$ cat final-v3.csv   # CSV, C-alpha atoms
chain,number,residue,atom,x,y,z
N,194,MET,CA,-29.4,-26.2,19.0
N,195,THR,CA,-27.0,-27.7,16.4
N,196,ARG,CA,-23.2,-27.0,16.5
N,197,GLN,CA,-23.6,-24.7,13.5
N,198,GLN,CA,-26.3,-22.7,15.2
N,199,LEU,CA,-24.2,-22.3,18.4
N,200,LEU,CA,-21.2,-21.3,16.3
N,201,ASP,CA,-23.4,-18.6,14.6
N,202,LEU,CA,-24.6,-17.4,18.0
N,203,TYR,CA,-21.4,-17.4,20.0
N,204,PHE,CA,-18.3,-17.7,17.8
N,205,LEU,CA,-17.5,-14.0,17.4
N,206,ASP,CA,-18.0,-13.3,21.1
N,207,ALA,CA,-15.8,-16.2,22.1
N,208,ARG,CA,-13.1,-15.2,19.5
N,209,HIS,CA,-13.1,-11.7,21.0
N,210,LYS,CA,-12.7,-13.0,24.5
N,211,LEU,CA,-9.9,-15.3,23.5
N,212,ILE,CA,-8.0,-12.4,21.9
N,213,GLU,CA,-8.6,-10.3,25.1
N,214,VAL,CA,-7.0,-13.2,27.1
N,215,ALA,CA,-4.0,-13.2,24.7
N,216,ALA,CA,-3.6,-9.5,24.9
N,217,PHE,CA,-3.8,-9.5,28.7
N,218,LEU,CA,-1.0,-12.1,28.9
N,219,ASP,CA,1.1,-10.1,26.4
N,220,ARG,CA,0.5,-6.9,28.4
N,221,VAL,CA,1.3,-8.4,31.8
N,222,GLU,CA,4.5,-10.1,30.4
N,223,ARG,CA,5.7,-6.9,28.8
N,224,ALA,CA,5.5,-5.1,32.1
N,225,GLY,CA,8.4,-5.2,34.6
N,226,GLY,CA,8.3,-6.5,38.1
N,227,ALA,CA,7.4,-9.7,39.8
N,228,GLU,CA,4.4,-11.8,39.0
N,229,ASP,CA,2.2,-13.3,41.7
N,230,PHE,CA,-0.1,-16.2,42.5
N,231,ARG,CA,-2.9,-14.8,40.3
N,232,LEU,CA,-0.8,-15.1,37.1
N,233,ARG,CA,0.5,-18.5,38.1
N,234,GLY,CA,-3.1,-19.6,38.7
N,235,PHE,CA,-4.2,-18.1,35.4
N,236,ARG,CA,-1.6,-20.0,33.5
N,237,ALA,CA,-2.5,-23.2,35.3
N,238,ALA,CA,-6.2,-22.6,34.5
N,239,LEU,CA,-5.4,-22.0,30.8
N,240,THR,CA,-4.1,-25.6,30.5
N,241,GLN,CA,-7.8,-26.7,31.0
N,242,LEU,CA,-8.6,-25.3,27.6
N,243,ASN,CA,-6.3,-27.7,25.8
N,244,GLY,CA,-7.5,-30.6,23.8
N,245,ARG,CA,-11.0,-31.9,23.6
N,246,LYS,CA,-11.8,-32.2,27.3
N,247,ARG,CA,-15.4,-31.6,28.5
N,248,ASN,CA,-16.6,-29.4,31.3
N,249,ARG,CA,-13.9,-26.8,30.8
N,250,ALA,CA,-15.7,-24.1,32.6
N,251,LYS,CA,-16.0,-26.3,35.7
N,252,ALA,CA,-12.4,-27.3,35.4
N,253,ILE,CA,-11.2,-23.7,35.2
N,254,LEU,CA,-13.3,-22.7,38.2
N,255,LEU,CA,-11.9,-25.6,40.2
N,256,ALA,CA,-8.3,-24.6,39.1
N,257,PHE,CA,-8.8,-21.2,40.7
N,258,SER,CA,-10.5,-22.6,43.9
N,259,ASP,CA,-9.2,-23.0,47.4
N,260,PRO,CA,-8.9,-26.8,47.6
N,261,THR,CA,-8.6,-26.9,51.5
N,262,THR,CA,-11.5,-28.1,53.6
N,263,HIS,CA,-11.0,-26.5,57.1
N,264,PRO,CA,-12.3,-23.1,58.1
N,265,VAL,CA,-9.6,-20.4,58.4
N,266,THR,CA,-8.8,-19.0,61.9
N,267,LYS,CA,-9.8,-15.5,61.0
N,268,ALA,CA,-11.1,-13.6,58.0
N,269,GLU,CA,-8.4,-11.4,56.7
N,270,GLY,CA,-10.3,-8.7,54.9
N,271,LYS,CA,-13.5,-9.2,53.0
N,272,GLY,CA,-12.6,-9.4,49.3
N,273,ALA,CA,-11.6,-12.2,47.0
N,274,SER,CA,-8.8,-12.0,44.4
N,275,GLY,CA,-10.1,-14.6,42.0
N,276,ALA,CA,-7.2,-17.1,42.5
N,277,TRP,CA,-6.2,-19.2,45.5
N,278,SER,CA,-2.9,-18.4,47.1
N,279,ARG,CA,-1.2,-21.3,48.8
N,280,LYS,CA,0.3,-18.9,51.3
N,281,LYS,CA,-3.0,-17.8,52.8
U,190,MET,CA,-42.8,-11.6,30.1
U,191,LYS,CA,-43.8,-12.0,33.7
U,192,TYR,CA,-40.9,-12.8,36.1
U,193,ILE,CA,-39.9,-12.7,39.7
U,194,GLU,CA,-36.6,-11.1,40.8
U,195,PRO,CA,-35.8,-13.4,43.7
U,196,HIS,CA,-32.6,-11.6,44.8
U,197,ALA,CA,-32.1,-7.8,44.4
U,198,HIS,CA,-30.7,-5.2,46.8
U,199,MET,CA,-33.1,-2.4,46.0
U,200,VAL,CA,-32.0,-0.1,48.8
U,201,SER,CA,-28.9,0.4,46.6
U,202,ARG,CA,-30.9,1.1,43.4
U,203,THR,CA,-32.7,4.1,42.1
U,204,THR,CA,-36.5,4.4,41.7
U,205,ASP,CA,-35.9,4.4,38.0
U,206,ASP,CA,-34.7,0.8,38.3
U,207,TYR,CA,-38.0,-0.2,39.9
U,208,GLU,CA,-39.8,1.3,36.9
U,209,ARG,CA,-37.5,-0.5,34.4
U,210,MET,CA,-38.1,-3.8,36.1
U,211,ALA,CA,-41.8,-3.2,36.1
U,212,LEU,CA,-41.7,-2.4,32.5
U,213,ALA,CA,-39.8,-5.6,31.8
U,214,GLY,CA,-42.5,-7.7,33.4
U,215,CYS,CA,-41.3,-8.0,37.0
U,216,ALA,CA,-44.1,-9.1,39.3
U,217,ALA,CA,-42.3,-9.2,42.6
U,218,VAL,CA,-38.9,-8.4,43.9
U,219,CYS,CA,-37.3,-10.1,46.9
U,220,GLU,CA,-34.5,-8.4,48.9
U,221,PRO,CA,-32.2,-10.3,51.2
U,222,ALA,CA,-30.5,-8.4,53.9
U,223,PHE,CA,-26.8,-7.8,52.9
U,224,TRP,CA,-23.6,-5.9,53.5
U,225,ALA,CA,-24.0,-2.1,52.8
U,226,GLY,CA,-20.4,-1.8,51.4
U,227,PHE,CA,-19.2,-0.7,54.8
U,228,ASP,CA,-19.5,-2.2,58.3
U,229,ARG,CA,-22.3,-0.9,60.5
U,230,SER,CA,-21.1,0.4,63.8
U,231,SER,CA,-23.9,-1.0,66.0
U,232,PRO,CA,-27.0,-3.2,66.1
U,233,ALA,CA,-29.0,-0.1,65.8
U,234,GLY,CA,-27.8,0.3,62.2
U,235,PHE,CA,-29.3,-3.1,61.5
U,236,TYR,CA,-32.5,-2.2,63.3
U,237,ASP,CA,-32.9,0.7,60.9
U,238,TYR,CA,-32.0,-1.4,57.9
U,239,PHE,CA,-34.6,-4.1,58.8
U,240,SER,CA,-37.2,-1.3,59.2
U,241,GLN,CA,-36.2,0.0,55.8
U,242,LEU,CA,-36.7,-3.4,54.3
U,243,THR,CA,-40.0,-4.1,55.9
U,244,GLU,CA,-41.6,-0.6,55.8
U,245,HIS,CA,-40.0,1.7,53.3
U,246,GLU,CA,-39.0,-0.5,50.3
U,247,PRO,CA,-42.5,-2.1,49.9
U,248,LYS,CA,-43.9,1.4,49.4
U,249,ARG,CA,-41.3,2.4,46.9
U,250,ALA,CA,-41.9,-0.8,44.9
U,251,ALA,CA,-45.7,-0.4,45.1
U,252,MET,CA,-45.4,2.9,43.2
U,253,PHE,CA,-44.8,0.7,40.1
U,254,GLY,CA,-47.2,-2.1,41.0
U,255,LEU,CA,-44.4,-4.3,42.3
U,256,LYS,CA,-44.7,-6.5,45.3
U,257,HIS,CA,-41.7,-6.3,47.6
U,258,PHE,CA,-40.5,-9.1,50.0
U,259,CYS,CA,-37.4,-9.4,52.1
U,260,TRP,CA,-35.2,-11.8,54.0
U,261,LEU,CA,-33.5,-10.8,57.3
U,262,GLY,CA,-30.3,-11.8,59.0
U,263,ILE,CA,-26.7,-10.7,59.3
U,264,ASN,CA,-24.5,-11.2,56.2
U,265,SER,CA,-21.2,-13.1,56.4
U,266,LYS,CA,-19.1,-10.0,55.7
U,267,GLU,CA,-20.0,-8.6,59.1
U,268,ALA,CA,-20.0,-11.9,60.8
U,269,GLU,CA,-16.4,-11.8,61.9
U,270,ASP,CA,-17.5,-9.7,64.9
U,271,VAL,CA,-19.4,-12.4,66.7
U,272,LYS,CA,-20.7,-10.2,69.5
U,273,LEU,CA,-22.2,-7.7,67.0
U,274,ALA,CA,-23.6,-10.6,65.0
U,275,GLU,CA,-25.3,-12.1,68.0
U,276,GLU,CA,-26.9,-8.8,68.9
U,277,VAL,CA,-28.2,-8.4,65.4
U,278,ILE,CA,-29.5,-12.0,65.4
U,279,ASP,CA,-31.4,-11.2,68.5
U,280,LEU,CA,-33.2,-8.4,66.7
U,281,VAL,CA,-34.6,-10.6,63.9
U,282,PRO,CA,-37.4,-12.5,65.6
U,283,ALA,CA,-39.4,-9.3,66.3
U,284,PHE,CA,-39.5,-8.7,62.5
U,285,LEU,CA,-40.4,-12.2,61.4
U,286,GLU,CA,-44.2,-11.6,61.5
U,287,ARG,CA,-44.0,-8.5,59.3
U,288,GLY,CA,-46.0,-9.2,56.2
U,289,ASN,CA,-43.2,-9.1,53.6
U,290,VAL,CA,-40.6,-11.2,55.5
U,291,LEU,CA,-39.9,-14.5,53.7
U,292,GLY,CA,-37.2,-16.0,56.0
U,293,ILE,CA,-33.6,-15.8,57.1
U,294,GLY,CA,-31.1,-14.5,54.6
U,295,GLU,CA,-28.8,-13.9,53.1
U,296,ILE,CA,-26.7,-15.8,55.5
U,297,GLY,CA,-23.6,-17.9,54.7
U,298,LEU,CA,-19.9,-17.5,54.5
U,299,ASN,CA,-17.5,-15.0,52.9
U,300,LYS,CA,-13.9,-15.9,53.8
U,301,ASN,CA,-14.8,-19.3,55.3
U,302,SER,CA,-13.6,-18.4,58.8
U,303,ARG,CA,-14.5,-20.0,62.1
U,304,ASN,CA,-16.4,-16.9,63.3
U,305,GLU,CA,-18.4,-16.8,60.1
U,306,LEU,CA,-19.2,-20.4,60.5
U,307,ARG,CA,-20.3,-19.9,64.1
U,308,VAL,CA,-22.6,-17.1,63.1
U,309,LEU,CA,-24.0,-19.2,60.2
U,310,GLU,CA,-24.8,-22.0,62.7
U,311,ARG,CA,-26.6,-19.5,65.0
U,312,GLN,CA,-28.7,-18.3,62.1
U,313,VAL,CA,-29.6,-21.8,60.9
U,314,GLU,CA,-30.6,-22.4,64.5
U,315,LEU,CA,-32.8,-19.3,64.4
U,316,ALA,CA,-34.4,-20.5,61.1
U,317,ALA,CA,-35.1,-23.9,62.6
U,318,ILE,CA,-36.7,-22.6,65.8
U,319,HIS,CA,-38.9,-20.2,63.9
U,320,ARG,CA,-39.5,-22.6,61.0
U,321,GLN,CA,-38.3,-20.1,58.4
U,322,LEU,CA,-37.1,-20.5,54.9
U,323,ILE,CA,-33.3,-20.0,54.4
U,324,LEU,CA,-31.5,-18.1,51.7
U,325,VAL,CA,-27.7,-18.7,51.7
U,326,HIS,CA,-25.0,-16.6,50.1
U,327,THR,CA,-22.0,-18.6,48.9
U,328,PRO,CA,-18.5,-17.0,48.9
U,329,HIS,CA,-16.9,-15.2,46.0
U,330,LEU,CA,-14.5,-16.6,43.4
U,331,GLU,CA,-11.7,-18.8,44.9
U,332,ASP,CA,-13.6,-19.2,48.2
U,333,LYS,CA,-16.8,-20.4,46.7
U,334,LEU,CA,-16.1,-24.2,46.4
U,335,LYS,CA,-14.8,-24.5,50.0
U,336,GLY,CA,-17.5,-22.3,51.4
U,337,THR,CA,-20.3,-24.2,49.6
U,338,ARG,CA,-19.0,-27.4,51.0
U,339,LEU,CA,-18.8,-26.0,54.6
U,340,ILE,CA,-22.3,-24.5,54.3
U,341,LEU,CA,-23.8,-27.7,53.0
U,342,ASP,CA,-22.2,-29.6,55.9
U,343,VAL,CA,-23.8,-27.2,58.5
U,344,LEU,CA,-27.3,-27.6,56.8
U,345,LYS,CA,-27.1,-31.4,56.4
U,346,ASN,CA,-26.0,-31.9,60.0
U,347,ASP,CA,-29.1,-30.2,61.3
U,348,SER,CA,-32.0,-32.7,61.1
U,349,ARG,CA,-34.5,-29.9,61.5
U,350,ILE,CA,-33.6,-28.3,58.2
U,351,VAL,CA,-35.7,-29.5,55.3
U,352,PRO,CA,-33.6,-29.3,52.1
U,353,GLU,CA,-36.4,-28.1,49.9
U,354,ARG,CA,-36.8,-25.1,52.1
U,355,VAL,CA,-33.3,-23.9,51.5
U,356,ILE,CA,-31.9,-22.0,48.5
U,357,ILE,CA,-28.2,-21.9,48.0
U,358,ASP,CA,-27.4,-18.8,46.0
U,359,HIS,CA,-24.6,-17.8,43.6
U,360,VAL,CA,-23.9,-21.3,42.3
U,361,GLU,CA,-21.7,-21.8,39.3
U,362,GLU,CA,-20.5,-24.8,37.2
U,363,HIS,CA,-18.3,-26.2,40.0
U,364,THR,CA,-20.9,-25.9,42.8
U,365,VAL,CA,-24.4,-26.4,41.3
U,366,GLU,CA,-24.3,-30.2,41.4
U,367,LEU,CA,-23.2,-30.3,45.1
U,368,VAL,CA,-26.3,-28.2,45.9
U,369,LEU,CA,-28.8,-30.0,43.8
U,370,ASP,CA,-27.6,-33.4,45.0
U,371,CYS,CA,-28.5,-32.4,48.6
U,372,GLY,CA,-32.1,-31.7,47.5
U,373,MET,CA,-31.8,-28.0,48.0
U,374,TRP,CA,-32.6,-25.2,45.6
U,375,ALA,CA,-29.9,-23.4,43.7
U,376,GLY,CA,-29.8,-19.8,42.6
U,377,MET,CA,-27.7,-18.6,39.7
U,378,THR,CA,-26.6,-15.0,39.9
U,379,LEU,CA,-26.1,-13.1,36.7
U,380,TYR,CA,-23.1,-10.7,37.0
U,381,PRO,CA,-21.1,-9.3,34.2
U,382,GLU,CA,-17.7,-10.6,35.5
U,383,THR,CA,-17.7,-12.4,38.8
U,384,LYS,CA,-20.6,-14.8,38.7
U,385,ALA,CA,-22.6,-16.4,35.9
U,386,THR,CA,-23.3,-14.8,32.5
U,387,PRO,CA,-26.6,-15.3,30.7
U,388,ALA,CA,-25.0,-17.8,28.3
U,389,ARG,CA,-23.4,-19.8,31.1
U,390,ALA,CA,-26.6,-19.8,33.1
U,391,VAL,CA,-28.4,-21.3,30.1
U,392,ASP,CA,-25.6,-23.9,29.8
U,393,ILE,CA,-26.2,-24.9,33.4
U,394,LEU,CA,-30.0,-25.2,32.8
U,395,GLU,CA,-29.3,-27.4,29.7
U,396,LEU,CA,-26.9,-29.6,31.7
U,397,TYR,CA,-28.9,-29.9,35.0
U,398,GLY,CA,-32.5,-29.3,33.9
U,399,ASN,CA,-35.0,-26.7,35.0
U,400,GLU,CA,-36.0,-28.1,38.4
U,401,ARG,CA,-35.0,-26.4,41.7
U,402,LEU,CA,-33.1,-23.7,39.9
U,403,TRP,CA,-33.7,-20.0,39.6
U,404,LEU,CA,-32.1,-16.9,38.2
U,405,ASN,CA,-31.4,-13.6,39.9
U,406,SER,CA,-29.6,-10.3,39.3
U,407,ALA,CA,-28.5,-9.7,42.9
U,408,CYS,CA,-28.3,-6.1,41.7
U,409,ASP,CA,-26.7,-3.9,44.4
U,410,TRP,CA,-24.3,-0.9,44.7
U,411,GLY,CA,-21.7,-2.7,42.6
U,412,VAL,CA,-21.5,-3.5,38.9
U,413,SER,CA,-24.7,-5.3,38.3
U,414,ASP,CA,-27.8,-5.3,36.1
U,415,PRO,CA,-31.3,-5.1,37.5
U,416,LEU,CA,-32.6,-6.5,34.2
U,417,ALA,CA,-30.3,-9.5,34.2
U,418,VAL,CA,-33.2,-12.0,34.6
U,419,PRO,CA,-35.2,-10.9,31.6
U,420,ARG,CA,-31.9,-10.6,29.6
U,421,THR,CA,-31.3,-14.3,30.4
U,422,ALA,CA,-34.8,-15.2,29.5
U,423,LEU,CA,-34.0,-13.7,26.1
U,424,GLU,CA,-30.9,-15.8,25.9
U,425,MET,CA,-33.0,-18.9,26.6
U,426,LYS,CA,-35.3,-17.9,23.7
U,427,LYS,CA,-32.3,-17.4,21.4
U,428,ARG,CA,-31.1,-20.9,22.4
U,429,GLY,CA,-34.5,-22.4,21.4
U,430,HIS,CA,-36.0,-22.9,24.8
U,431,THR,CA,-39.8,-22.9,24.7
U,432,ALA,CA,-41.9,-20.1,26.3
U,433,MET,CA,-43.1,-22.6,28.9
U,434,ALA,CA,-39.5,-23.5,29.9
U,435,VAL,CA,-38.6,-19.9,30.2
U,436,GLU,CA,-41.7,-19.2,32.3
U,437,GLN,CA,-40.8,-22.1,34.6
U,438,VAL,CA,-37.3,-20.8,35.3
U,439,ILE,CA,-38.1,-17.1,35.7
U,440,PHE,CA,-41.5,-17.2,37.3
U,441,ALA,CA,-42.9,-20.6,38.3
U,442,ASN,CA,-39.8,-21.9,40.0
U,443,PRO,CA,-39.2,-18.9,42.3
U,444,LYS,CA,-43.0,-18.8,43.0
U,445,LYS,CA,-42.9,-22.5,44.0
U,446,PHE,CA,-40.0,-22.1,46.4
U,447,LEU,CA,-41.1,-18.7,47.9
U,448,SER,CA,-44.7,-19.9,48.3
U,449,GLN,CA,-43.5,-22.1,51.1
U,450,SER,CA,-43.6,-18.9,53.1
U,451,PRO,CA,-47.1,-17.9,54.1
U,452,HIS,CA,-46.1,-14.3,53.5
U,453,PHE,CA,-45.4,-14.8,49.8
U,454,LYS,CA,-48.6,-14.0,47.9
U,455,ILE,CA,-48.7,-12.6,44.4
U,456,ALA,CA,-51.5,-12.4,41.8
$ encode --input "final-v3.csv" --output "structure tokens"
Amino acid sequence: MTRQQLLDLYFLDARHKLIEVAAFLDRVERAGGAEDFRLRGFRAALTQLNGRKRNRAKAILLAFSDPTTHPVTKAEGKGASGAWSRKK
Amino acid sequence: MKYIEPHAHMVSRTTDDYERMALAGCAAVCEPAFWAGFDRSSPAGFYDYFSQLTEHEPKRAAMFGLKHFCWLGINSKEAEDVKLAEEVIDLVPAFLERGNVLGIGEIGLNKNSRNELRVLERQVELAAIHRQLILVHTPHLEDKLKGTRLILDVLKNDSRIVPERVIIDHVEEHTVELVLDCGMWAGMTLYPETKATPARAVDILELYGNERLWLNSACDWGVSDPLAVPRTALEMKKRGHTAMAVEQVIFANPKKFLSQSPHFKIA
């Protein structure tokens, strides 16, 4: 597809999602209390959107990923939070 | 359009979902054994579950003309208890000759722990001994990259494992290349929030090609869509993919992989 065709297909959806991200950050920053590793990870991932880099989706997924390579001693719980915490 | 749903947890879905899938063109549904949303208290719970997958669900699917197949094993969320896991693994061989069993799955990692890894190795061993296909679950979100690497290491280090007989599921943009480069198959799971969306799945197809890739809904008891595969086929059409390319991804590819099991037969 051409760039124009892709814009026709996806622009409004992407615009909506970008505004949702902005509103989420505004909402979280208006609220009191401490932030945690998820918000720090989110801000770090956002920098991957800057400029004209390629493979942004991959870069953002990598930014949220656990970069370590050894198995953990024990599984603490079953769920995932979406961002890696250095403290784990 | 005819398609195969290669990964769906139909025990968690209503009979209405079987009907909707049949209406959308589903020809066969494949159900890997998974976590029920709670931990079973004994191996007997798994015995009953394996019986459900091999006896009851095929009948429910047949009501709508759907073929039902399954994969057996212990999922990684219940693998931290190694003693339980080993007792469950010991149950599996007795079920392997049942007519709808495709192989060992979904096995893999969840939090990338030592015990999960040990249980994964035991199940890879089981698949090797019984010459079974393998379906692998990769971890969620921040754990996926590390887990995928650990899983690939286990599989690559076992010379009995033939890469083309392994599907690594739930790949995303940061893991798909790792899997395809090993010669294994890669599954893209279509979830509204936590895995791939239809648009991203089509991006991956455009970047990596249509070979050794399939799409699945992995619909279960959580937020998921049993019609995610036909919805993504529609996305492919919107993006200008030919009918032949769509058919390859949603029908021919899963058929090619799954037909490596003598139990997989569809019209």
$ closest_residue --input "final-v3.csv" --among "N:Ala268, N:Ile253, N:Leu200, N:Leu205" --to "Phe235 in chain N" --atoms "all atoms listed in the file"
N:Ile253
$ interface_residues --input "final-v3.csv" --of "chain U" --to "chain N" --cutoff "8 Å" --atoms "only C-alpha atoms" --output "list in words"
Lys266, Glu269, Asn299, Lys300, Asn301, Ser302, Arg303, Asn304, Leu306, His329, Leu330, Glu331, Asp332, Lys333, Leu334, Lys335, Arg338, Leu339, Glu362, His363, Arg428 and Gly429 of chain U
$ residues_around --input "final-v3.csv" --residues "Ser231 in chain U" --least-positions-apart "6" --cutoff "12 Å" --atoms "only C-alpha atoms" --output "list in words"
Asp237, Tyr238, Glu267, Asp270, Lys272, Leu273, Ala274, Glu275, Glu276, Val277 and Leu280 of chain U
$ atom_distance --input "final-v3.csv" --atom1 "CA of Thr431 in chain U" --atom2 "CA of Leu394 in chain U"
12.9 Å
$ atom_distance --input "final-v3.csv" --atom1 "CA of Ala238 in chain N" --atom2 "CA of Val412 in chain U"
24.9 Å
$ atom_distance --input "final-v3.csv" --atom1 "CA of Ile356 in chain U" --atom2 "CA of Gly376 in chain U"
6.6 Å
$ closest_residue --input "final-v3.csv" --among "U:Gly336, U:Pro195, U:Pro328, U:Gly262" --to "Glu314 in chain U" --atoms "only C-alpha atoms"
U:Gly262
$ residues_around --input "final-v3.csv" --residues "Leu341 in chain U" --least-positions-apart "6" --cutoff "9 Å" --atoms "only C-alpha atoms" --output "CSV table (one decimal) with C-alpha atoms, in the frame of the given file"
chain,number,residue,atom,x,y,z
U,357,ILE,CA,-28.2,-21.9,48.0
U,367,LEU,CA,-23.2,-30.3,45.1
U,368,VAL,CA,-26.3,-28.2,45.9
U,371,CYS,CA,-28.5,-32.4,48.6
$ closest_atom_pairs --input "final-v3.csv" --of "range 270-293 of chain U" --to "range 434-448 of chain U" --cutoff "12 Å" --atoms "only C-alpha atoms" --output "Markdown table"
| residue | atom | partner | partner_atom | distance |
| --- | --- | --- | --- | --- |
| U:Asn289 | CA | U:Leu447 | CA | 11.4 |
| U:Val290 | CA | U:Leu447 | CA | 10.7 |
| U:Leu291 | CA | U:Leu447 | CA | 7.3 |
| U:Gly292 | CA | U:Leu447 | CA | 9.4 |
$ closest_residue --input "final-v3.csv" --among "U:Lys454, U:His198, U:His326, U:Arg307" --to "Cys408 in chain U" --atoms "all atoms listed in the file"
U:His198
$ residues_around --input "final-v3.csv" --residues "Val360 in chain U" --least-positions-apart "2" --cutoff "7 Å" --atoms "only C-alpha atoms" --output "list in words"
Asp358, Thr364, Val365, Ala375, Gly376 and Met377 of chain U
$ write_last_selection --input "final-v3.csv" --atoms "C-alpha atoms" --output "mmCIF file, keeping the file's coordinate frame"
data_model
loop_
_atom_site.group_PDB
_atom_site.id
_atom_site.type_symbol
_atom_site.label_atom_id
_atom_site.label_comp_id
_atom_site.auth_asym_id
_atom_site.auth_seq_id
_atom_site.Cartn_x
_atom_site.Cartn_y
_atom_site.Cartn_z
ATOM 1 C CA ASP U 358 -27.400 -18.800 46.000
ATOM 2 C CA THR U 364 -20.900 -25.900 42.800
ATOM 3 C CA VAL U 365 -24.400 -26.400 41.300
ATOM 4 C CA ALA U 375 -29.900 -23.400 43.700
ATOM 5 C CA GLY U 376 -29.800 -19.800 42.600
ATOM 6 C CA MET U 377 -27.700 -18.600 39.700
#
$ residues_around --input "final-v3.csv" --residues "Val325 in chain U" --least-positions-apart "4" --cutoff "10 Å" --atoms "all atoms listed in the file" --output "ChimeraX atom specification"
/U:221,264-265,293-298,309,313,337,340-341,355-359,375-376
$ residues_near_point --input "final-v3.csv" --point "(-35.1, -8.3, 48.6)" --cutoff "10 Å" --atoms "all atoms listed in the file" --output "PyMOL selection string"
chain U and resi 194-200+217-223+242-243+246-247+257-261+289-291+294-295+407-408
$ residues_around --input "final-v3.csv" --residues "range 213-224 of chain N" --least-positions-apart "4" --cutoff "10 Å" --atoms "all atoms listed in the file" --output "NGL selection string"
:N and (207-209 or 228 or 232 or 235-236 or 239)
$ build_atoms --input "final-v3.csv" --residues "range 248-265 of chain N" --atoms "N, CA and C atoms" --output "PDB file, in the coordinates of the input"
ATOM      1  N   ASN N 248     -16.461 -30.123  30.034  1.00  0.00           N
ATOM      2  CA  ASN N 248     -16.600 -29.400  31.300  1.00  0.00           C
ATOM      3  C   ASN N 248     -15.446 -28.472  31.599  1.00  0.00           C
ATOM      4  N   ARG N 249     -15.018 -27.734  30.591  1.00  0.00           N
ATOM      5  CA  ARG N 249     -13.900 -26.800  30.800  1.00  0.00           C
ATOM      6  C   ARG N 249     -14.163 -25.714  31.748  1.00  0.00           C
ATOM      7  N   ALA N 250     -15.388 -25.176  31.709  1.00  0.00           N
ATOM      8  CA  ALA N 250     -15.700 -24.100  32.600  1.00  0.00           C
ATOM      9  C   ALA N 250     -15.587 -24.528  34.067  1.00  0.00           C
ATOM     10  N   LYS N 251     -16.106 -25.709  34.350  1.00  0.00           N
ATOM     11  CA  LYS N 251     -16.000 -26.300  35.700  1.00  0.00           C
ATOM     12  C   LYS N 251     -14.539 -26.493  36.068  1.00  0.00           C
ATOM     13  N   ALA N 252     -13.771 -27.032  35.146  1.00  0.00           N
ATOM     14  CA  ALA N 252     -12.400 -27.300  35.400  1.00  0.00           C
ATOM     15  C   ALA N 252     -11.581 -26.044  35.714  1.00  0.00           C
ATOM     16  N   ILE N 253     -11.887 -24.983  34.993  1.00  0.00           N
ATOM     17  CA  ILE N 253     -11.200 -23.700  35.200  1.00  0.00           C
ATOM     18  C   ILE N 253     -11.588 -23.126  36.576  1.00  0.00           C
ATOM     19  N   LEU N 254     -12.872 -23.184  36.898  1.00  0.00           N
ATOM     20  CA  LEU N 254     -13.300 -22.700  38.200  1.00  0.00           C
ATOM     21  C   LEU N 254     -12.638 -23.490  39.337  1.00  0.00           C
ATOM     22  N   LEU N 255     -12.529 -24.787  39.142  1.00  0.00           N
ATOM     23  CA  LEU N 255     -11.900 -25.600  40.200  1.00  0.00           C
ATOM     24  C   LEU N 255     -10.376 -25.269  40.256  1.00  0.00           C
ATOM     25  N   ALA N 256      -9.763 -24.972  39.116  1.00  0.00           N
ATOM     26  CA  ALA N 256      -8.300 -24.600  39.100  1.00  0.00           C
ATOM     27  C   ALA N 256      -8.061 -23.356  39.929  1.00  0.00           C
ATOM     28  N   PHE N 257      -9.018 -22.439  39.950  1.00  0.00           N
ATOM     29  CA  PHE N 257      -8.800 -21.200  40.700  1.00  0.00           C
ATOM     30  C   PHE N 257      -9.273 -21.322  42.165  1.00  0.00           C
ATOM     31  N   SER N 258      -9.867 -22.447  42.539  1.00  0.00           N
ATOM     32  CA  SER N 258     -10.500 -22.600  43.900  1.00  0.00           C
ATOM     33  C   SER N 258      -9.554 -22.998  44.961  1.00  0.00           C
ATOM     34  N   ASP N 259      -9.853 -22.553  46.165  1.00  0.00           N
ATOM     35  CA  ASP N 259      -9.200 -23.000  47.400  1.00  0.00           C
ATOM     36  C   ASP N 259      -9.575 -24.498  47.571  1.00  0.00           C
ATOM     37  N   PRO N 260      -8.584 -25.411  47.526  1.00  0.00           N
ATOM     38  CA  PRO N 260      -8.900 -26.800  47.600  1.00  0.00           C
ATOM     39  C   PRO N 260      -8.982 -27.328  49.090  1.00  0.00           C
ATOM     40  N   THR N 261      -8.664 -26.470  50.062  1.00  0.00           N
ATOM     41  CA  THR N 261      -8.600 -26.900  51.500  1.00  0.00           C
ATOM     42  C   THR N 261     -10.036 -27.085  51.998  1.00  0.00           C
ATOM     43  N   THR N 262     -10.136 -27.723  53.147  1.00  0.00           N
ATOM     44  CA  THR N 262     -11.500 -28.100  53.600  1.00  0.00           C
ATOM     45  C   THR N 262     -11.780 -27.506  55.041  1.00  0.00           C
ATOM     46  N   HIS N 263     -10.782 -26.977  55.740  1.00  0.00           N
ATOM     47  CA  HIS N 263     -11.000 -26.500  57.100  1.00  0.00           C
ATOM     48  C   HIS N 263     -11.228 -24.990  57.150  1.00  0.00           C
ATOM     49  N   PRO N 264     -12.105 -24.502  58.035  1.00  0.00           N
ATOM     50  CA  PRO N 264     -12.300 -23.100  58.100  1.00  0.00           C
ATOM     51  C   PRO N 264     -10.953 -22.368  58.515  1.00  0.00           C
ATOM     52  N   VAL N 265     -10.763 -21.137  58.050  1.00  0.00           N
ATOM     53  CA  VAL N 265      -9.600 -20.400  58.400  1.00  0.00           C
ATOM     54  C   VAL N 265      -9.786 -19.801  59.819  1.00  0.00           C
TER      55      VAL N 265
END
